[in-house]
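Scroll down for the structure; my scribbles are underneath it.
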Amino acid sequence: MEFYGKRSLLSLMETEKTEQQSPIHLCVQTHREIISEQDVQFSPPRPSSSDGTMFQMMSTPCPESPWTLSPLTTPSPSLLYHCIASLHRHEGNIYAIAASKGLVFTGSNSSRIRVWKQPDCMDKGYLKASSGEVRALLAYSNMLFSTHKDHKIRIWNFTVSEHFKSKKIGTLPRKNSVLLFPRAKNTPRHKDSVSCMAYYHSEGLLYTGSHDRTVKAWRVSDRKCVDSFVAHEDNINAILVNQDDGCLFTCSSDGSVKIWRRVYTEDSHTLTMTLKFQPSPVNALALSSSFNHCFLYSGSSDGMINFWEKERLCYRFNHGGFLQGHRFAVLCLATVGNMIFSGSEDTTIRVWRREEGSCYHECLTVLDGHRGPVRCLAACLEMEKVVMGFLVYSASLDQTFKVWRIKVLADEKMCLDYTDQCESRVKIREYDMSPVLSPSWVEKKLQGSHFQ
């Protein structure tokens with residue numbers, strides 16, 4: 001596609017950097033307005049409620065908070081998905097989302113990381129840092145990692161109770177680590193924006209990827225940088241680690257996905273595989289494991305989601321095909337079990353399901369509530385009686401943050417848009433994929449040199 005040059009994702013981020021820090025406000029939407037916007041499928045007619053209080057605004061629990069929240073409403077049982085909250089910033093964008101321990105964290109160009117309660121997104125407070133532009137968030141148990149404009153990583157500890165409490169327990173690199181070696185060529189600090197993070201639980205290692213093209217490994221216990229290496233020829237956009245075997249995956253605007261392994265009894269890393277099938281920048285990665293099967297997914301600027309399956313007896317990944325459906329760049333991915341969620345510059349979020357024991361994928365539905373590129377996603381499992389459900393959190397360059405509740409029925413097949421390398425399957429239903437971009441984003445796109 002001619003719109004997507006080599007630096008597509010970088011251009012999006014450069015556009016974001018022009019936003020100035022400002023107070024955060026919420027544009028409150030009622031359930032009727034949200035449903036009307038989305039034109040939700042398989043929703044039967046419902047009688048209008050005579051109870052006007054159902055759509056009145058709820059006051060925020062924290063008077064000094066700049067956020068307010070629309071009320072929760074009970075969705076129809078036949079709805080496949082339902083937007084349960086929609087928050088809007090008048091200026092600036094949300095760059096990162098993380099979820100853990102019943103809380104959701106959002107990072108923006110502000111120095112404050114907002115904290116919300118799942119699933120209703122009630123305001124629980126914030127974490128205050130000395131630097132803004134929170135580009136990446138990662139939550140594990142009661143720890144939160146955040147990257148900032150000053151190219152540093154901050155480590156927070158939080159407690160989940162009636163009142164949210166948090167404490168910053170460290171900064172990477174440590175202040176004295178730079179002072180001890182002021183003339184060293186290889187200082188532990190990144191030289192450009194830290195765009196992504198991954199945490200290896202069993203070893204306590206935090207991996208960070210940056211636009212300076214390097215990956216760094218940090219031992220969280222003593223906050224020491226134990227390894228640093230140049231991983232790609234261009235910006236590193238995503239990084240993740242397989243918790244089962246410690247394999248590290250990175251992707252870049254140079255169009256490649258690379259697999260790394262730690263050298264036995266050492267802290268250094270070695271390249272084991274390079275996966276590259278197209279020149280288009282790779283913007284996102286996700287890993288999905290179930291029933292002894294492990295799949296790696298990558299989202300690129302040509303709108304494709306490539307996937308690879310891991311061989312059982314070795315560390316090799318074989319290309320299994322690609323998921324086709326998005327018209328513009330895939331900017332973010334999230335997985336829960338055999339479910340895959342993809343956010344795109346075409347303003348939509350697609351929900352995919354992989355058939356157990358095979359490479360067969362189907363597109364269950366398309367969430368189309370945003371009016372700008374979907375920048376980041378987070379997802380978690382939510383069981384409701386016998387129906388499997390998911391909570392999906394999405395943030396877009398239309399300056400909105402939305403929460404979706406998705407139900408997955410056993411025999412539900414809304415649409416299929418899958419292409420395999422070996423064979424093509426019949427499409428059950430073609431979904432209208434024409435994007436509805438907000439006028440402000442269209443204006444930026446037409447003016448821009450950032451897609452060239």
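The way I read the labels, and the way they are meant: chains A, B, ... in the order of the structure tokens, residue 1 as the first residue of every chain, and ligand 1 as the first ligand shown, with later ones counted on from there.
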
Note to self: Env of range 371-386 of chain A: 8 Å cut, atoms = only C-alpha atoms, seq-sep filter 5 positions within chain, self excluded. Answer as a ChimeraX atom specification.
What the structure shows: /A:94-99,331-336,341-349,391-398,436-438,441

Next item on the list: Determine the nearest neighbour of Ser290 in chain A from the options A:Gly102, A:Gly204, A:Gly357, A:Gly209, counting only C-alpha atoms.
Entry: A:Gly357

Next item on the list: Give the answer as one residue: which of A:Cys251, A:Ile259, A:Ala329, A:Leu285 has the shortest atom-to-atom distance to Gly303 in chain A, using only C-alpha atoms?
Entry: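 Looking only at the distances to Gly303 in chain A, the closest residue turns out to be A:Ala329.
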
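The space between CA of Arg89 in chain A and CA of Thr400 in chain A spans 6.3 Å.
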
Checklist line | Non-local contacts of range 162-169 of chain A (10 Å; only C-alpha atoms; under 6 positions in same chain excluded) as number ranges by chain | finding: A: 103, 115-117, 123-129, 142-145, 154-156

Serialized selection, all heavy atoms, as a short mmCIF file (atom, residue, chain, number, x, y, z; two decimals), in the first residue's frame:
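Result saved to part36.cif:
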data_model
loop_
_atom_site.label_atom_id
_atom_site.label_comp_id
_atom_site.auth_asym_id
_atom_site.auth_seq_id
_atom_site.Cartn_x
_atom_site.Cartn_y
_atom_site.Cartn_z
N LEU A 103 -6.83 -4.10 38.44
CA LEU A 103 -6.63 -2.69 38.14
C LEU A 103 -6.17 -2.52 36.70
O LEU A 103 -5.56 -3.42 36.11
CB LEU A 103 -5.60 -2.07 39.07
CG LEU A 103 -5.92 -2.06 40.56
CD1 LEU A 103 -4.73 -1.52 41.36
CD2 LEU A 103 -7.17 -1.23 40.85
N VAL A 115 -4.92 5.21 37.38
CA VAL A 115 -5.26 3.87 37.85
C VAL A 115 -6.78 3.74 37.90
O VAL A 115 -7.47 4.61 38.45
CB VAL A 115 -4.67 3.61 39.25
CG1 VAL A 115 -4.93 2.17 39.67
CG2 VAL A 115 -3.18 3.92 39.28
N TRP A 116 -7.30 2.65 37.32
CA TRP A 116 -8.74 2.41 37.24
C TRP A 116 -9.07 1.02 37.78
O TRP A 116 -8.27 0.09 37.66
CB TRP A 116 -9.23 2.52 35.79
CG TRP A 116 -8.71 3.69 35.05
CD1 TRP A 116 -7.58 3.76 34.28
CD2 TRP A 116 -9.27 5.00 35.03
NE1 TRP A 116 -7.41 5.02 33.77
CE2 TRP A 116 -8.43 5.81 34.21
CE3 TRP A 116 -10.40 5.57 35.60
CZ2 TRP A 116 -8.70 7.14 33.96
CZ3 TRP A 116 -10.66 6.90 35.35
CH2 TRP A 116 -9.82 7.68 34.54
N LYS A 117 -10.24 0.88 38.31
CA LYS A 117 -10.69 -0.40 38.81
C LYS A 117 -11.38 -1.17 37.69
O LYS A 117 -12.19 -0.61 36.95
CB LYS A 117 -11.66 -0.21 39.99
CG LYS A 117 -12.20 -1.50 40.58
CD LYS A 117 -13.19 -1.21 41.70
CE LYS A 117 -13.78 -2.51 42.25
NZ LYS A 117 -14.79 -2.24 43.31
N ASP A 123 -12.26 5.58 39.03
CA ASP A 123 -10.97 6.20 39.25
C ASP A 123 -10.42 5.82 40.62
O ASP A 123 -11.05 6.06 41.65
CB ASP A 123 -11.11 7.72 39.14
CG ASP A 123 -9.78 8.43 39.03
OD1 ASP A 123 -8.73 7.81 39.29
OD2 ASP A 123 -9.79 9.62 38.70
N LYS A 124 -9.23 5.22 40.65
CA LYS A 124 -8.60 4.83 41.91
C LYS A 124 -7.41 5.72 42.28
O LYS A 124 -6.78 5.52 43.32
CB LYS A 124 -8.12 3.38 41.83
CG LYS A 124 -9.22 2.36 41.59
CD LYS A 124 -10.15 2.25 42.78
CE LYS A 124 -9.48 1.53 43.94
NZ LYS A 124 -10.39 1.33 45.08
N GLY A 125 -7.07 6.69 41.43
CA GLY A 125 -5.96 7.58 41.73
C GLY A 125 -4.91 7.57 40.63
O GLY A 125 -5.21 7.28 39.47
N TYR A 126 -3.66 7.85 41.00
CA TYR A 126 -2.60 7.91 40.00
C TYR A 126 -1.24 7.72 40.67
O TYR A 126 -1.08 7.82 41.88
CB TYR A 126 -2.64 9.25 39.26
CG TYR A 126 -2.49 10.46 40.14
CD1 TYR A 126 -1.24 10.95 40.50
CD2 TYR A 126 -3.62 11.13 40.63
CE1 TYR A 126 -1.10 12.05 41.31
CE2 TYR A 126 -3.49 12.24 41.45
CZ TYR A 126 -2.23 12.70 41.78
OH TYR A 126 -2.09 13.80 42.59
N LEU A 127 -0.24 7.44 39.81
CA LEU A 127 1.15 7.39 40.22
C LEU A 127 1.84 8.57 39.58
O LEU A 127 1.71 8.80 38.37
CB LEU A 127 1.83 6.09 39.78
CG LEU A 127 1.26 4.77 40.31
CD1 LEU A 127 0.15 4.25 39.41
CD2 LEU A 127 2.35 3.71 40.39
N LYS A 128 2.60 9.32 40.35
CA LYS A 128 3.21 10.57 39.86
C LYS A 128 4.71 10.36 39.67
O LYS A 128 5.43 9.97 40.59
CB LYS A 128 2.97 11.70 40.87
CG LYS A 128 3.54 13.05 40.44
CD LYS A 128 2.71 13.65 39.31
CE LYS A 128 2.99 15.15 39.16
NZ LYS A 128 4.40 15.45 38.82
N ALA A 129 5.18 10.60 38.44
CA ALA A 129 6.60 10.50 38.13
C ALA A 129 7.16 11.89 37.85
O ALA A 129 6.41 12.85 37.66
CB ALA A 129 6.81 9.59 36.93
N ASN A 142 2.12 -7.36 41.82
CA ASN A 142 1.97 -6.04 42.44
C ASN A 142 3.06 -5.06 41.99
O ASN A 142 3.31 -4.06 42.66
CB ASN A 142 2.02 -6.16 43.97
CG ASN A 142 0.76 -6.80 44.52
OD1 ASN A 142 0.64 -8.01 44.59
ND2 ASN A 142 -0.21 -5.98 44.90
N MET A 143 3.71 -5.36 40.88
CA MET A 143 4.73 -4.47 40.33
C MET A 143 4.26 -3.85 39.03
O MET A 143 3.58 -4.49 38.22
CB MET A 143 6.04 -5.22 40.08
CG MET A 143 6.86 -5.51 41.32
SD MET A 143 8.56 -5.99 40.90
CE MET A 143 8.28 -7.40 39.84
N LEU A 144 4.65 -2.60 38.83
CA LEU A 144 4.37 -1.89 37.57
C LEU A 144 5.67 -1.27 37.08
O LEU A 144 6.41 -0.63 37.84
CB LEU A 144 3.32 -0.80 37.78
CG LEU A 144 2.98 0.04 36.54
CD1 LEU A 144 2.15 -0.79 35.56
CD2 LEU A 144 2.24 1.31 36.92
N PHE A 145 5.96 -1.48 35.78
CA PHE A 145 7.13 -0.88 35.15
C PHE A 145 6.63 0.16 34.15
O PHE A 145 5.67 -0.08 33.41
CB PHE A 145 7.96 -1.93 34.41
CG PHE A 145 8.43 -3.07 35.28
CD1 PHE A 145 7.67 -4.23 35.39
CD2 PHE A 145 9.62 -2.98 35.98
CE1 PHE A 145 8.09 -5.29 36.18
CE2 PHE A 145 10.05 -4.03 36.78
CZ PHE A 145 9.29 -5.18 36.89
N ARG A 154 10.93 3.21 35.36
CA ARG A 154 10.61 3.32 36.78
C ARG A 154 9.85 2.08 37.23
O ARG A 154 9.01 1.55 36.49
CB ARG A 154 9.82 4.58 37.06
CG ARG A 154 10.68 5.85 36.98
CD ARG A 154 9.86 7.12 36.82
NE ARG A 154 10.71 8.30 36.86
CZ ARG A 154 11.43 8.76 35.84
NH1 ARG A 154 11.42 8.10 34.69
NH2 ARG A 154 12.17 9.86 35.96
N ILE A 155 10.17 1.64 38.46
CA ILE A 155 9.56 0.44 39.03
C ILE A 155 8.70 0.86 40.22
O ILE A 155 9.17 1.57 41.12
CB ILE A 155 10.62 -0.57 39.49
CG1 ILE A 155 11.63 -0.85 38.37
CG2 ILE A 155 9.96 -1.88 39.94
CD1 ILE A 155 12.81 -1.70 38.80
N TRP A 156 7.43 0.42 40.21
CA TRP A 156 6.49 0.79 41.24
C TRP A 156 5.97 -0.47 41.94
O TRP A 156 5.86 -1.53 41.32
CB TRP A 156 5.31 1.56 40.67
CG TRP A 156 5.65 2.66 39.73
CD1 TRP A 156 5.99 2.56 38.40
CD2 TRP A 156 5.72 4.06 40.03
NE1 TRP A 156 6.25 3.80 37.86
CE2 TRP A 156 6.09 4.74 38.83
CE3 TRP A 156 5.49 4.81 41.19
CZ2 TRP A 156 6.24 6.12 38.77
CZ3 TRP A 156 5.63 6.19 41.12
CH2 TRP A 156 6.01 6.84 39.93
#

Margin query: Report, in Å with one decimal, the straight-line distance from CA of Leu409 in chain A to CA of Glu355 in chain A.
Written below: 13.6 Å

Next item on the list: Show which residues sit within 9 Å of Ile406 in chain A, as a PyMOL selection string. Count only C-alpha atoms, and ignore same-chain residues fewer than 4 positions away.
Entry: chain A and resi 79-83+382+388-392

Can you spit out the residues from that selection as a PDB file, in the first residue's frame, using C-alpha atoms?
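As written to disk, selection29.pdb reads:
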ATOM      1  CA  LEU A  79     -24.931  -9.131  22.324  1.00  0.00           C
ATOM      2  CA  LEU A  80     -21.595 -10.579  21.252  1.00  0.00           C
ATOM      3  CA  TYR A  81     -19.787  -7.474  22.471  1.00  0.00           C
ATOM      4  CA  HIS A  82     -20.691  -4.449  24.490  1.00  0.00           C
ATOM      5  CA  CYS A  83     -18.825  -1.191  25.178  1.00  0.00           C
ATOM      6  CA  GLU A 382     -13.719 -12.839  32.530  1.00  0.00           C
ATOM      7  CA  MET A 388     -16.530 -17.426  28.329  1.00  0.00           C
ATOM      8  CA  GLY A 389     -16.033 -13.678  28.379  1.00  0.00           C
ATOM      9  CA  PHE A 390     -13.198 -11.207  27.948  1.00  0.00           C
ATOM     10  CA  LEU A 391     -12.518  -7.636  28.945  1.00  0.00           C
ATOM     11  CA  VAL A 392     -10.658  -5.667  26.286  1.00  0.00           C
TER      12      VAL A 392
END

Notebook entry, point to check: Running DSSP on the backbone, which parts of range 204-446 of chain A land in strand (DSSP E), as an NGL selection string?
Noted result: :A and (205-210 or 214-219 or 224-230 or 236-241 or 248-252 or 257-262 or 269-275 or 282-290 or 293-300 or 304-310 or 317-324 or 330-336 or 339-344 or 349-354 or 361-367 or 374-384 or 387-396 or 400-408 or 418-420)

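Between CA of Val194 in chain A and CA of His211 in chain A the separation is 6.6 Å.
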
Notebook entry, point to check: So, counting only C-alpha atoms, which residue among A:Ser221, A:Asn93, A:Thr106, A:Ser300 is closest to Leu323 in chain A?
Noted result: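 Going through A:Ser221, A:Asn93, A:Thr106, A:Ser300 one by one, the smallest distance to Leu323 in chain A is for A:Ser300.
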
Checklist line | Residues within 7 Å of Asn109 in chain A, only C-alpha atoms, excluding chain neighbours under 5 positions, as a list of chain:residue names | finding: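 Skipping anything fewer than 5 positions along the chain leaves A:Gln21, A:Gly92, A:Asn93, A:Gly132, A:Glu133, A:Val134.
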
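Using only C-alpha atoms, the smallest distance between any of A:Asn237, A:Thr159, A:Arg223, A:Val387 and Ser210 in chain A comes from A:Asn237.
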